[in-house]
Amino acid sequence: MAPQTPAVVMDNGTGYTKLGFAGNDSPSFVFPTAIATKGPSAGAAGGTGGSGSGRPAVANKPSFLTGGAGPTGHLSGKRGTEDLDFFIGDEALNASAGPGYGLHYPIRHGQVENWDQMERFWSNSIFKYLRVEPEDHYFLLTEPPLNPPENRENTAEIMFESFNCAGLYIAVQAVLALAASWTSSKVQDRSLTGTVIDSGEGVTHVIPVAEGYVIGSSIKSIPIAGRDITYFVQSLLRDRGEPDSSLKTAERIKEESCYVCPDIVKEFARFDKESDDRFKQYQVQQPGGRSVTVDVGYERFLAPEIFFNPEIYSSDFLTPLPNIVDTVIQTSPIDVRRGLYKNIVLSGGSTLYKDFGRRLQRDIRHLVDARIKASEARAGNAAKSGGLDVQVISHKRQRHGPWFGGSLLGQTPEFRSYCHTKAEYDEVGPSIVRRFALLGGPGST
Amino acid sequence: MPAYHSVFLDEPNQQVIGNFALLPLRTRTRGPAQQLPQMTDTTELDIEPSHTSYDPLDEILSLFRANTFFRNFEVKGPADRVLIYGILFVSEALSKIRPGNSRRDAEKSVMNVALDTNFAIPGDAGFPLNQAFEAPKDRNEAEILRQYIMQMRQELAMRLLNRWWLSFQKRKFMGKQL
Ligand SMILES: Nc1ncnc2c1ncn2[C@@H]1O[C@H](COP(=O)(O)OP(=O)(O)OP(=O)(O)O)[C@@H](O)[C@H]1O
Ligand SMILES: [Mg+2]
């Protein structure tokens, strides 16, 4: 047998795709989960609209399965050449800026919505970016919490039948994010118990995990994530009439200058007193070549504040993130709550703001302490509880937490034995991927 | 955490007209407000709520920007109404400044609003928050309230001009403008 090839790790998010090989510290490629195909944009055709090649949209099955092609051979062999006329990632954004191409995002709210586009996205990811032969590699893919089993099956059909991959493991992003935090010195035991806060581009999930299993009934998601924070920055730039308030500029300001403050009233006062340090200016090169200066001010701390005070951004979603986390843990089984409070792990691009973890920890602690105090008061002084340890873990691998967790677990010697192989798939069929043994759980190294 | 409330809510012996508190002010403008001592050991930017000279106008200017971002505000007492009125006045004053105005023009516009005697007080038909504010009992009370509010407006405008908050012109507190 040939020496073992590294597993391919693919984390396809609503906003960004992270691609690379197990054992590495960071993904080889990070680009938008976007595809540009011939024809109009998704806007006109709807989320699962036509792909531009003239074929009807396929909502729930990869197109090749209904297209009658045999189960072997590469994608390119089964398609007409018009199907190859597409771009993914940054190239897709460029192509769609010109005429003739429409831009699509095949993943919505973490879940694959357009399998036809997703298949092509994966095909380019594998052949054009990673440049691997899928027959020679095992694949570790990620999925959001509560992904329907049908989606797993669709994924397996594409991976095995279209690409002939050697083996496949599908892991829940939150569980991988817990594994990624093992690199933090604050984490003493490599446990797969904890509460994951995964905040990316489209949604923020709060996911309790006990011994590697997601407590599905207690998961909560909130409709505030990276995109909203970008919009909020943009609206503040617009209110002030800044000379450039494009989404691109807003996103750049967000990623480079925003941080979480302890208290917004005090932070405004700080801007009054230390204005030279606090206010910033950005030079923005506009399309056409003109360079303009954009002032940056209070958005620096107000933008991420929408996690803690959603009311300043949204009129229909009002619950602060710390309260959501507390509720998620309180609705989980009582015997795991202590472990869930002790190991609150951050994951995803929108948790990277400076002091995000510190504020979250402080606010959750306040909620917990207030509740303990109230219940002690009710019970009289006899019932002093020992208090509850609330710890929020920020760590170096947070940004691409799910990918990095996949890289860690995918490099272990036993990884392949946890995968389903092509042979097993051929024997059992797609339903085989409804279950995977727990990787990195008790019993494994 | 909802919007910020007034620290003066629990102030003892408040003089109240309608349900609006006539709290002591640190001001040299003439009117019915009880006067607080001028400060000697701190500045308008640094004054803390615990300071004997700290007044509701300091509070308005420190909470103004944060509170304009909140959509809801539950009034907890007469001192909160002083806060609300002050925030709305500050928004109004700032809205008179046009982008590109010189500092002098800006100051003139703001002082014009503050010195204009033609403004509505609680109970007047033109007052925007009559659901939350009670009318004064009689003409005499109305006149005192009007003079107190006039003092607030003038002192606020002067303190406001020591600062520069143009970025907030477009936001309306609770969707209202004076
Ligand atoms: N340094 C940073 N500070 C703040 N936000 C950042 C930073 N870097 C990236 N982001 C934001 O993180 C988001 C992307 O995060 P991530 O890659 O985790 O999302 P995703 O996995 O594509 O989406 P989802 O998890 O919603 O499916 C974008 O909104 C991006 O602007
Ligand atoms: Mg993600």
# chains A, B, ... in the order shown; residues from 1 in each chain; ligands from 1

call {"tool": "residues_around", "arguments": {"residues": "region 5-20 of chain A", "least_positions_apart": "5", "cutoff": "6 Å", "atoms": "only C-alpha atoms", "output": "short mmCIF file (atom, residue, chain, number, x, y, z; two decimals) with N, CA, C and O atoms, in the first residue's frame"}}
result
data_model
loop_
_atom_site.label_atom_id
_atom_site.label_comp_id
_atom_site.auth_asym_id
_atom_site.auth_seq_id
_atom_site.Cartn_x
_atom_site.Cartn_y
_atom_site.Cartn_z
N PRO A 27 -5.58 26.34 7.30
CA PRO A 27 -6.05 25.88 5.99
C PRO A 27 -5.17 26.41 4.86
O PRO A 27 -4.60 27.50 4.96
N SER A 28 -5.05 25.65 3.78
CA SER A 28 -4.26 26.09 2.63
C SER A 28 -5.01 27.17 1.85
O SER A 28 -4.40 28.01 1.22
N PHE A 29 -6.34 27.10 1.88
CA PHE A 29 -7.15 28.08 1.15
C PHE A 29 -8.32 28.53 2.01
O PHE A 29 -8.97 27.71 2.66
N VAL A 30 -8.56 29.83 2.00
CA VAL A 30 -9.78 30.37 2.60
C VAL A 30 -10.36 31.32 1.57
O VAL A 30 -9.70 32.27 1.17
N PHE A 31 -11.55 31.01 1.07
CA PHE A 31 -12.17 31.92 0.10
C PHE A 31 -13.68 31.88 0.24
O PHE A 31 -14.23 30.98 0.88
N PRO A 32 -14.36 32.87 -0.32
CA PRO A 32 -15.82 32.91 -0.16
C PRO A 32 -16.50 31.66 -0.71
O PRO A 32 -16.07 31.14 -1.75
N THR A 33 -17.50 31.18 -0.03
CA THR A 33 -18.28 30.04 -0.52
C THR A 33 -19.23 30.55 -1.59
O THR A 33 -20.44 30.59 -1.41
N ILE A 107 -24.54 27.90 0.14
CA ILE A 107 -24.85 27.59 1.54
C ILE A 107 -25.59 28.76 2.17
O ILE A 107 -25.19 29.90 2.04
N ARG A 108 -26.71 28.42 2.82
CA ARG A 108 -27.47 29.43 3.56
C ARG A 108 -27.59 28.98 5.00
O ARG A 108 -27.89 27.82 5.24
N GLY A 110 -25.61 28.10 7.07
CA GLY A 110 -24.78 26.94 7.39
C GLY A 110 -25.12 25.67 6.62
O GLY A 110 -24.33 24.75 6.59
N HIS A 137 -7.39 9.95 -1.20
CA HIS A 137 -7.50 10.66 0.08
C HIS A 137 -8.78 10.33 0.82
O HIS A 137 -9.83 10.11 0.22
N TYR A 138 -8.67 10.37 2.15
CA TYR A 138 -9.85 10.38 2.98
C TYR A 138 -10.24 11.84 3.17
O TYR A 138 -9.39 12.72 3.18
N PHE A 139 -11.54 12.07 3.34
CA PHE A 139 -12.04 13.44 3.47
C PHE A 139 -12.74 13.64 4.80
O PHE A 139 -13.54 12.79 5.22
N LEU A 140 -12.44 14.75 5.45
CA LEU A 140 -13.20 15.13 6.64
C LEU A 140 -13.97 16.39 6.28
O LEU A 140 -13.38 17.43 5.97
N LEU A 141 -15.31 16.27 6.28
CA LEU A 141 -16.17 17.42 5.98
C LEU A 141 -16.88 17.86 7.26
O LEU A 141 -17.03 17.06 8.19
N THR A 142 -17.34 19.09 7.29
CA THR A 142 -18.03 19.56 8.49
C THR A 142 -19.50 19.84 8.17
O THR A 142 -19.87 20.03 7.01
N GLU A 201 -20.36 34.34 9.50
CA GLU A 201 -20.88 35.40 8.65
C GLU A 201 -22.40 35.52 8.80
O GLU A 201 -22.93 36.61 8.88
N TRP A 403 -12.26 24.06 11.31
CA TRP A 403 -11.26 23.50 10.40
C TRP A 403 -10.08 22.95 11.18
O TRP A 403 -9.63 21.83 10.96
#

call {"tool": "residues_around", "arguments": {"residues": "Ile197 (chain A)", "least_positions_apart": "5", "cutoff": "8 Å", "atoms": "only C-alpha atoms", "output": "list in words"}}
result
Thr204, His205, Val206, Ile207, Ile344, Val345, Leu346 and Ser347 of chain A

call {"tool": "write_last_selection", "arguments": {"atoms": "all heavy atoms", "output": "CSV table (one decimal), in the first residue's frame"}}
result
chain,number,residue,atom,x,y,z
A,204,THR,N,-25.1,33.0,14.4
A,204,THR,CA,-24.4,32.7,15.6
A,204,THR,C,-25.1,31.5,16.3
A,204,THR,O,-26.3,31.6,16.6
A,204,THR,CB,-24.3,33.9,16.6
A,204,THR,OG1,-23.6,34.9,15.9
A,204,THR,CG2,-23.5,33.6,17.8
A,205,HIS,N,-24.4,30.4,16.5
A,205,HIS,CA,-25.0,29.3,17.2
A,205,HIS,C,-24.4,29.1,18.6
A,205,HIS,O,-23.2,29.3,18.7
A,205,HIS,CB,-24.6,28.0,16.4
A,205,HIS,CG,-25.4,27.7,15.2
A,205,HIS,ND1,-26.7,27.6,15.1
A,205,HIS,CD2,-24.9,27.7,13.9
A,205,HIS,CE1,-27.1,27.3,13.9
A,205,HIS,NE2,-26.0,27.4,13.1
A,206,VAL,N,-25.2,28.8,19.5
A,206,VAL,CA,-24.7,28.4,20.8
A,206,VAL,C,-25.1,27.0,21.1
A,206,VAL,O,-26.2,26.6,21.1
A,206,VAL,CB,-25.3,29.3,21.9
A,206,VAL,CG1,-24.8,28.9,23.3
A,206,VAL,CG2,-25.1,30.8,21.7
A,207,ILE,N,-24.0,26.1,21.1
A,207,ILE,CA,-24.2,24.7,21.1
A,207,ILE,C,-23.6,24.0,22.3
A,207,ILE,O,-22.4,24.0,22.5
A,207,ILE,CB,-23.6,24.1,19.8
A,207,ILE,CG1,-24.0,24.9,18.6
A,207,ILE,CG2,-23.9,22.7,19.6
A,207,ILE,CD1,-22.9,25.3,17.6
A,344,ILE,N,-16.6,27.3,28.0
A,344,ILE,CA,-17.4,28.0,26.9
A,344,ILE,C,-16.4,28.4,25.9
A,344,ILE,O,-15.5,29.2,26.1
A,344,ILE,CB,-18.1,29.2,27.5
A,344,ILE,CG1,-19.1,28.7,28.6
A,344,ILE,CG2,-18.8,30.0,26.4
A,344,ILE,CD1,-19.7,29.9,29.4
A,345,VAL,N,-16.4,27.8,24.7
A,345,VAL,CA,-15.4,27.9,23.7
A,345,VAL,C,-15.8,28.7,22.5
A,345,VAL,O,-16.9,28.5,22.0
A,345,VAL,CB,-15.0,26.5,23.2
A,345,VAL,CG1,-14.0,26.5,22.0
A,345,VAL,CG2,-14.3,25.7,24.4
A,346,LEU,N,-15.0,29.7,22.2
A,346,LEU,CA,-15.3,30.6,21.0
A,346,LEU,C,-14.8,30.0,19.7
A,346,LEU,O,-13.7,29.3,19.7
A,346,LEU,CB,-14.6,31.9,21.3
A,346,LEU,CG,-15.0,32.6,22.6
A,346,LEU,CD1,-14.3,34.0,22.7
A,346,LEU,CD2,-16.5,32.8,22.6
A,347,SER,N,-15.5,30.3,18.7
A,347,SER,CA,-15.1,29.7,17.4
A,347,SER,C,-15.7,30.6,16.3
A,347,SER,O,-16.8,31.1,16.4
A,347,SER,CB,-15.7,28.3,17.3
A,347,SER,OG,-15.8,27.9,15.9

call {"tool": "interface_residues", "arguments": {"of": "chain A", "to": "chain B", "cutoff": "7 Å", "atoms": "only C-alpha atoms", "output": "list in words"}}
result
Asp239, Arg240, Ile264, Val265, Asn309, Glu311 and Ile312 of chain A

call {"tool": "residues_around", "arguments": {"residues": "region 49-60 of chain B", "least_positions_apart": "6", "cutoff": "8 Å", "atoms": "only C-alpha atoms", "output": "PyMOL selection string"}}
result
chain B and resi 6-8+23-26+36-39+82-83+86-87+152+155-156

call {"tool": "write_last_selection", "arguments": {"atoms": "N, CA, C and O atoms", "output": "PDB file, in the first residue's frame"}}
result
ATOM      1  N   SER B   6     -31.575  57.482  34.787  1.00  0.00           N
ATOM      2  CA  SER B   6     -31.001  58.592  35.545  1.00  0.00           C
ATOM      3  C   SER B   6     -30.539  58.143  36.929  1.00  0.00           C
ATOM      4  O   SER B   6     -31.228  57.386  37.608  1.00  0.00           O
ATOM      5  N   VAL B   7     -29.374  58.645  37.347  1.00  0.00           N
ATOM      6  CA  VAL B   7     -28.927  58.360  38.718  1.00  0.00           C
ATOM      7  C   VAL B   7     -29.706  59.203  39.720  1.00  0.00           C
ATOM      8  O   VAL B   7     -29.596  58.998  40.922  1.00  0.00           O
ATOM      9  N   PHE B   8     -30.473  60.169  39.237  1.00  0.00           N
ATOM     10  CA  PHE B   8     -31.217  61.057  40.146  1.00  0.00           C
ATOM     11  C   PHE B   8     -32.597  60.509  40.505  1.00  0.00           C
ATOM     12  O   PHE B   8     -33.349  61.164  41.210  1.00  0.00           O
ATOM     13  N   LEU B  23     -34.797  69.345  39.141  1.00  0.00           N
ATOM     14  CA  LEU B  23     -33.596  69.008  39.897  1.00  0.00           C
ATOM     15  C   LEU B  23     -32.635  70.193  39.905  1.00  0.00           C
ATOM     16  O   LEU B  23     -32.622  70.996  38.975  1.00  0.00           O
ATOM     17  N   PRO B  24     -31.818  70.288  40.936  1.00  0.00           N
ATOM     18  CA  PRO B  24     -30.829  71.373  40.993  1.00  0.00           C
ATOM     19  C   PRO B  24     -29.877  71.304  39.799  1.00  0.00           C
ATOM     20  O   PRO B  24     -29.523  70.216  39.347  1.00  0.00           O
ATOM     21  N   LEU B  25     -29.471  72.488  39.316  1.00  0.00           N
ATOM     22  CA  LEU B  25     -28.574  72.550  38.169  1.00  0.00           C
ATOM     23  C   LEU B  25     -27.324  73.346  38.514  1.00  0.00           C
ATOM     24  O   LEU B  25     -27.369  74.260  39.350  1.00  0.00           O
ATOM     25  N   ARG B  26     -26.246  73.025  37.843  1.00  0.00           N
ATOM     26  CA  ARG B  26     -25.014  73.807  37.988  1.00  0.00           C
ATOM     27  C   ARG B  26     -24.999  74.818  36.835  1.00  0.00           C
ATOM     28  O   ARG B  26     -24.575  74.518  35.740  1.00  0.00           O
ATOM     29  N   LEU B  36     -26.402  74.380  41.991  1.00  0.00           N
ATOM     30  CA  LEU B  36     -25.333  73.555  42.556  1.00  0.00           C
ATOM     31  C   LEU B  36     -24.040  74.358  42.472  1.00  0.00           C
ATOM     32  O   LEU B  36     -23.888  75.209  41.601  1.00  0.00           O
ATOM     33  N   PRO B  37     -23.090  74.054  43.360  1.00  0.00           N
ATOM     34  CA  PRO B  37     -21.817  74.789  43.321  1.00  0.00           C
ATOM     35  C   PRO B  37     -21.071  74.529  42.009  1.00  0.00           C
ATOM     36  O   PRO B  37     -21.147  73.429  41.451  1.00  0.00           O
ATOM     37  N   GLN B  38     -20.375  75.550  41.517  1.00  0.00           N
ATOM     38  CA  GLN B  38     -19.495  75.343  40.371  1.00  0.00           C
ATOM     39  C   GLN B  38     -18.393  74.395  40.816  1.00  0.00           C
ATOM     40  O   GLN B  38     -18.048  74.321  41.990  1.00  0.00           O
ATOM     41  N   MET B  39     -17.841  73.656  39.847  1.00  0.00           N
ATOM     42  CA  MET B  39     -16.797  72.714  40.265  1.00  0.00           C
ATOM     43  C   MET B  39     -15.426  73.385  40.171  1.00  0.00           C
ATOM     44  O   MET B  39     -15.190  74.242  39.326  1.00  0.00           O
ATOM     45  N   VAL B  82     -36.511  64.166  32.887  1.00  0.00           N
ATOM     46  CA  VAL B  82     -35.518  65.218  32.658  1.00  0.00           C
ATOM     47  C   VAL B  82     -34.487  64.699  31.654  1.00  0.00           C
ATOM     48  O   VAL B  82     -34.109  65.388  30.701  1.00  0.00           O
ATOM     49  N   LEU B  83     -34.058  63.459  31.865  1.00  0.00           N
ATOM     50  CA  LEU B  83     -33.084  62.833  30.965  1.00  0.00           C
ATOM     51  C   LEU B  83     -33.630  62.763  29.540  1.00  0.00           C
ATOM     52  O   LEU B  83     -32.961  63.152  28.571  1.00  0.00           O
ATOM     53  N   GLY B  86     -33.880  66.187  27.912  1.00  0.00           N
ATOM     54  CA  GLY B  86     -32.556  66.701  27.592  1.00  0.00           C
ATOM     55  C   GLY B  86     -31.978  66.029  26.347  1.00  0.00           C
ATOM     56  O   GLY B  86     -31.395  66.684  25.479  1.00  0.00           O
ATOM     57  N   ILE B  87     -32.149  64.716  26.259  1.00  0.00           N
ATOM     58  CA  ILE B  87     -31.616  63.988  25.101  1.00  0.00           C
ATOM     59  C   ILE B  87     -32.295  64.474  23.816  1.00  0.00           C
ATOM     60  O   ILE B  87     -31.646  64.700  22.794  1.00  0.00           O
ATOM     61  N   MET B 152     -32.514  74.747  31.333  1.00  0.00           N
ATOM     62  CA  MET B 152     -31.899  73.506  30.851  1.00  0.00           C
ATOM     63  C   MET B 152     -31.385  73.688  29.433  1.00  0.00           C
ATOM     64  O   MET B 152     -30.265  73.299  29.100  1.00  0.00           O
ATOM     65  N   GLU B 155     -28.273  76.101  29.220  1.00  0.00           N
ATOM     66  CA  GLU B 155     -27.051  75.542  29.805  1.00  0.00           C
ATOM     67  C   GLU B 155     -26.557  74.345  28.976  1.00  0.00           C
ATOM     68  O   GLU B 155     -25.363  74.178  28.736  1.00  0.00           O
ATOM     69  N   LEU B 156     -27.516  73.526  28.521  1.00  0.00           N
ATOM     70  CA  LEU B 156     -27.131  72.363  27.709  1.00  0.00           C
ATOM     71  C   LEU B 156     -26.440  72.811  26.426  1.00  0.00           C
ATOM     72  O   LEU B 156     -25.429  72.238  26.015  1.00  0.00           O
TER      73      LEU B 156
END

call {"tool": "residues_near_ligand", "arguments": {"ligand": "ligand 1", "cutoff": "6 Å", "atoms": "only C-alpha atoms and all ligand atoms", "output": "short mmCIF file (atom, residue, chain, number, x, y, z; two decimals) with N, CA and C atoms, in the first residue's frame"}}
result
data_model
loop_
_atom_site.label_atom_id
_atom_site.label_comp_id
_atom_site.auth_asym_id
_atom_site.auth_seq_id
_atom_site.Cartn_x
_atom_site.Cartn_y
_atom_site.Cartn_z
N GLY A 13 -18.39 27.10 5.07
CA GLY A 13 -19.27 27.96 5.86
C GLY A 13 -20.16 28.80 4.97
N THR A 14 -21.13 29.44 5.57
CA THR A 14 -22.03 30.33 4.84
C THR A 14 -21.25 31.40 4.07
N GLY A 15 -20.23 31.93 4.73
CA GLY A 15 -19.45 33.00 4.11
C GLY A 15 -18.18 32.50 3.46
N TYR A 16 -17.44 31.69 4.21
CA TYR A 16 -16.11 31.29 3.74
C TYR A 16 -15.91 29.80 3.81
N HIS A 109 -27.38 29.91 5.91
CA HIS A 109 -27.49 29.57 7.33
C HIS A 109 -26.75 28.29 7.67
N GLY A 110 -25.61 28.10 7.07
CA GLY A 110 -24.78 26.94 7.39
C GLY A 110 -25.12 25.67 6.62
N SER A 199 -19.61 31.86 15.76
CA SER A 199 -20.20 33.01 15.10
C SER A 199 -19.39 33.34 13.86
N GLY A 200 -20.03 33.17 12.73
CA GLY A 200 -19.35 33.42 11.46
C GLY A 200 -19.97 34.58 10.72
N GLU A 201 -20.36 34.34 9.50
CA GLU A 201 -20.88 35.40 8.65
C GLU A 201 -22.40 35.52 8.80
N GLY A 202 -23.08 34.36 8.81
CA GLY A 202 -24.54 34.39 8.71
C GLY A 202 -25.31 34.22 10.01
N VAL A 203 -24.85 33.34 10.86
CA VAL A 203 -25.59 33.07 12.11
C VAL A 203 -24.61 32.88 13.24
N GLY A 226 -21.53 38.13 11.62
CA GLY A 226 -20.60 39.02 10.93
C GLY A 226 -21.24 39.96 9.94
N ARG A 227 -22.17 39.44 9.15
CA ARG A 227 -22.79 40.28 8.12
C ARG A 227 -23.54 41.45 8.75
N GLU A 251 -16.52 46.34 6.04
CA GLU A 251 -15.99 45.06 6.51
C GLU A 251 -14.53 45.21 6.95
N LYS A 254 -14.43 46.92 10.22
CA LYS A 254 -14.88 45.96 11.23
C LYS A 254 -13.74 45.02 11.62
N GLU A 255 -13.11 44.42 10.65
CA GLU A 255 -12.12 43.39 10.96
C GLU A 255 -10.84 43.98 11.55
N GLY A 348 -14.96 30.79 15.20
CA GLY A 348 -15.48 31.54 14.06
C GLY A 348 -14.99 32.98 14.01
N GLY A 349 -15.02 33.56 12.82
CA GLY A 349 -14.46 34.88 12.58
C GLY A 349 -15.07 35.99 13.42
N SER A 350 -16.35 35.88 13.74
CA SER A 350 -17.00 36.97 14.45
C SER A 350 -16.82 36.91 15.97
N LEU A 352 -13.65 37.18 17.02
CA LEU A 352 -12.24 37.60 17.11
C LEU A 352 -12.05 38.99 17.70
N TYR A 353 -13.12 39.72 17.95
CA TYR A 353 -12.96 41.07 18.48
C TYR A 353 -12.19 41.02 19.79
#

call {"tool": "select_by_dssp", "arguments": {"residues": "chain B", "states": "strand (DSSP E or B)", "output": "PyMOL selection string"}}
result
chain B and resi 16-17+20-21+25+35

call {"tool": "closest_residue", "arguments": {"among": "A:Asp316, A:Ile229, A:His400, A:Phe301", "to": "ligand 2", "atoms": "only C-alpha atoms and all ligand atoms"}}
result
A:His400

call {"tool": "residues_around", "arguments": {"residues": "Met150 (chain B)", "least_positions_apart": "5", "cutoff": "10 Å", "atoms": "only C-alpha atoms", "output": "CSV table (one decimal) with all heavy atoms, in the first residue's frame"}}
result
chain,number,residue,atom,x,y,z
B,29,THR,N,-27.3,80.6,34.5
B,29,THR,CA,-28.5,81.2,33.8
B,29,THR,C,-29.5,81.4,34.9
B,29,THR,O,-29.6,80.8,35.9
B,29,THR,CB,-29.1,80.2,32.8
B,29,THR,OG1,-29.4,79.0,33.5
B,29,THR,CG2,-28.1,79.8,31.7
B,30,ARG,N,-30.4,82.4,34.6
B,30,ARG,CA,-31.4,82.8,35.5
B,30,ARG,C,-32.7,82.0,35.4
B,30,ARG,O,-33.1,81.6,34.3
B,30,ARG,CB,-31.8,84.3,35.4
B,30,ARG,CG,-30.7,85.2,36.0
B,30,ARG,CD,-30.6,86.5,35.2
B,30,ARG,NE,-31.8,87.2,35.1
B,30,ARG,CZ,-32.3,88.1,36.0
B,30,ARG,NH1,-31.6,88.4,37.0
B,30,ARG,NH2,-33.4,88.7,35.8
B,31,GLY,N,-33.2,81.6,36.6
B,31,GLY,CA,-34.5,80.8,36.6
B,31,GLY,C,-34.7,80.1,37.9
B,31,GLY,O,-34.0,80.4,38.9
B,32,PRO,N,-35.7,79.3,37.9
B,32,PRO,CA,-36.2,78.7,39.2
B,32,PRO,C,-35.3,77.6,39.7
B,32,PRO,O,-35.5,77.1,40.8
B,32,PRO,CB,-37.6,78.1,38.8
B,32,PRO,CG,-37.5,77.9,37.4
B,32,PRO,CD,-36.6,78.9,36.8
B,114,ALA,N,-31.5,77.4,21.4
B,114,ALA,CA,-31.6,77.4,22.9
B,114,ALA,C,-32.2,78.7,23.4
B,114,ALA,O,-32.9,78.7,24.4
B,114,ALA,CB,-30.1,77.4,23.5
B,115,LEU,N,-32.1,79.8,22.6
B,115,LEU,CA,-32.6,81.1,23.1
B,115,LEU,C,-34.1,81.3,22.6
B,115,LEU,O,-34.7,82.2,23.0
B,115,LEU,CB,-31.7,82.2,22.6
B,115,LEU,CG,-30.3,82.2,23.3
B,115,LEU,CD1,-29.4,83.2,22.6
B,115,LEU,CD2,-30.5,82.5,24.8
B,116,ASP,N,-34.5,80.5,21.7
B,116,ASP,CA,-35.9,80.6,21.1
B,116,ASP,C,-36.8,80.3,22.3
B,116,ASP,O,-36.8,79.3,22.9
B,116,ASP,CB,-36.0,79.6,20.0
B,116,ASP,CG,-37.4,79.7,19.3
B,116,ASP,OD1,-38.2,80.6,19.8
B,116,ASP,OD2,-37.6,79.0,18.4
B,117,THR,N,-37.7,81.3,22.6
B,117,THR,CA,-38.7,81.0,23.7
B,117,THR,C,-39.9,80.3,23.2
B,117,THR,O,-40.8,80.0,24.1
B,117,THR,CB,-39.1,82.4,24.3
B,117,THR,OG1,-39.5,83.2,23.2
B,117,THR,CG2,-37.9,83.0,25.0
B,119,PHE,N,-41.1,77.3,22.6
B,119,PHE,CA,-41.0,75.8,22.6
B,119,PHE,C,-42.1,75.2,23.4
B,119,PHE,O,-42.7,75.9,24.2
B,119,PHE,CB,-39.6,75.4,23.1
B,119,PHE,CG,-39.3,75.9,24.5
B,119,PHE,CD1,-39.7,75.1,25.6
B,119,PHE,CD2,-38.6,77.0,24.7
B,119,PHE,CE1,-39.5,75.6,26.9
B,119,PHE,CE2,-38.4,77.5,26.0
B,119,PHE,CZ,-38.8,76.8,27.1
B,121,ILE,N,-43.9,72.7,26.1
B,121,ILE,CA,-43.6,72.1,27.4
B,121,ILE,C,-44.7,71.0,27.6
B,121,ILE,O,-45.7,71.0,26.9
B,121,ILE,CB,-43.6,73.0,28.5
B,121,ILE,CG1,-45.0,73.7,28.8
B,121,ILE,CG2,-42.5,74.1,28.3
B,121,ILE,CD1,-45.1,74.4,30.1
B,144,ILE,N,-43.5,78.2,35.7
B,144,ILE,CA,-42.2,77.8,36.4
B,144,ILE,C,-41.5,76.7,35.6
B,144,ILE,O,-40.3,76.7,35.4
B,144,ILE,CB,-42.5,77.3,37.8
B,144,ILE,CG1,-43.1,78.5,38.7
B,144,ILE,CG2,-41.3,76.7,38.5
B,144,ILE,CD1,-43.6,78.0,40.0
B,145,LEU,N,-42.3,75.7,35.1
B,145,LEU,CA,-41.7,74.6,34.4
B,145,LEU,C,-41.1,75.2,33.1
B,145,LEU,O,-40.0,74.8,32.7
B,145,LEU,CB,-42.8,73.6,34.0
B,145,LEU,CG,-42.4,72.4,33.2
B,145,LEU,CD1,-41.3,71.6,34.0
B,145,LEU,CD2,-43.6,71.4,33.0
B,155,GLU,N,-28.3,76.1,29.2
B,155,GLU,CA,-27.1,75.5,29.8
B,155,GLU,C,-26.6,74.3,29.0
B,155,GLU,O,-25.4,74.2,28.7
B,155,GLU,CB,-27.3,75.1,31.3
B,155,GLU,CG,-26.2,74.5,32.0
B,155,GLU,CD,-25.0,75.5,32.2
B,155,GLU,OE1,-25.3,76.7,32.4
B,155,GLU,OE2,-23.8,75.1,32.3
B,156,LEU,N,-27.5,73.5,28.5
B,156,LEU,CA,-27.1,72.4,27.7
B,156,LEU,C,-26.4,72.8,26.4
B,156,LEU,O,-25.4,72.2,26.0
B,156,LEU,CB,-28.4,71.5,27.3
B,156,LEU,CG,-28.8,70.4,28.3
B,156,LEU,CD1,-30.1,69.8,27.8
B,156,LEU,CD2,-27.7,69.3,28.3

call {"tool": "atom_distance", "arguments": {"atom1": "CA of Ile372 (chain A)", "atom2": "CA of Asp326 (chain A)"}}
result
12.8 Å

call {"tool": "residues_around", "arguments": {"residues": "region 183-185 of chain A", "least_positions_apart": "5", "cutoff": "12 Å", "atoms": "only C-alpha atoms", "output": "list in words"}}
result
Asp25, Ala177, Leu178, Arg190, Asn343, Val345, Leu346, Val392, Ile393, Ser394, His395, Lys396, Arg397, Gln398, Gly401, Phe404, Gly405 and Leu408 of chain A

call {"tool": "closest_residue", "arguments": {"among": "A:Leu168, A:Asn154, A:Ser217, A:Leu237", "to": "Gly410 (chain A)", "atoms": "only C-alpha atoms"}}
result
A:Leu168

call {"tool": "residues_around", "arguments": {"residues": "Leu9 (chain B)", "least_positions_apart": "4", "cutoff": "8 Å", "atoms": "only C-alpha atoms", "output": "list in words"}}
result
Lys76, Gly77, Pro78, Ala79 and Asp80 of chain B

call {"tool": "closest_residue", "arguments": {"among": "A:Val390, A:Ala423, A:Leu176, A:Ala377", "to": "ligand 2", "atoms": "only C-alpha atoms and all ligand atoms"}}
result
A:Leu176

call {"tool": "closest_residue", "arguments": {"among": "B:Ala132, B:Val110, B:Val75, B:Val16", "to": "Ser91 (chain B)", "atoms": "only C-alpha atoms"}}
result
B:Val110

call {"tool": "closest_residue", "arguments": {"among": "A:Ala370, A:Val336, A:Ala174, A:Ala437", "to": "ligand 2", "atoms": "only C-alpha atoms and all ligand atoms"}}
result
A:Ala174

call {"tool": "closest_residue", "arguments": {"among": "B:Asn130, B:Thr27, B:Asp124, B:Arg98", "to": "Ala142 (chain B)", "atoms": "only C-alpha atoms"}}
result
B:Asp124
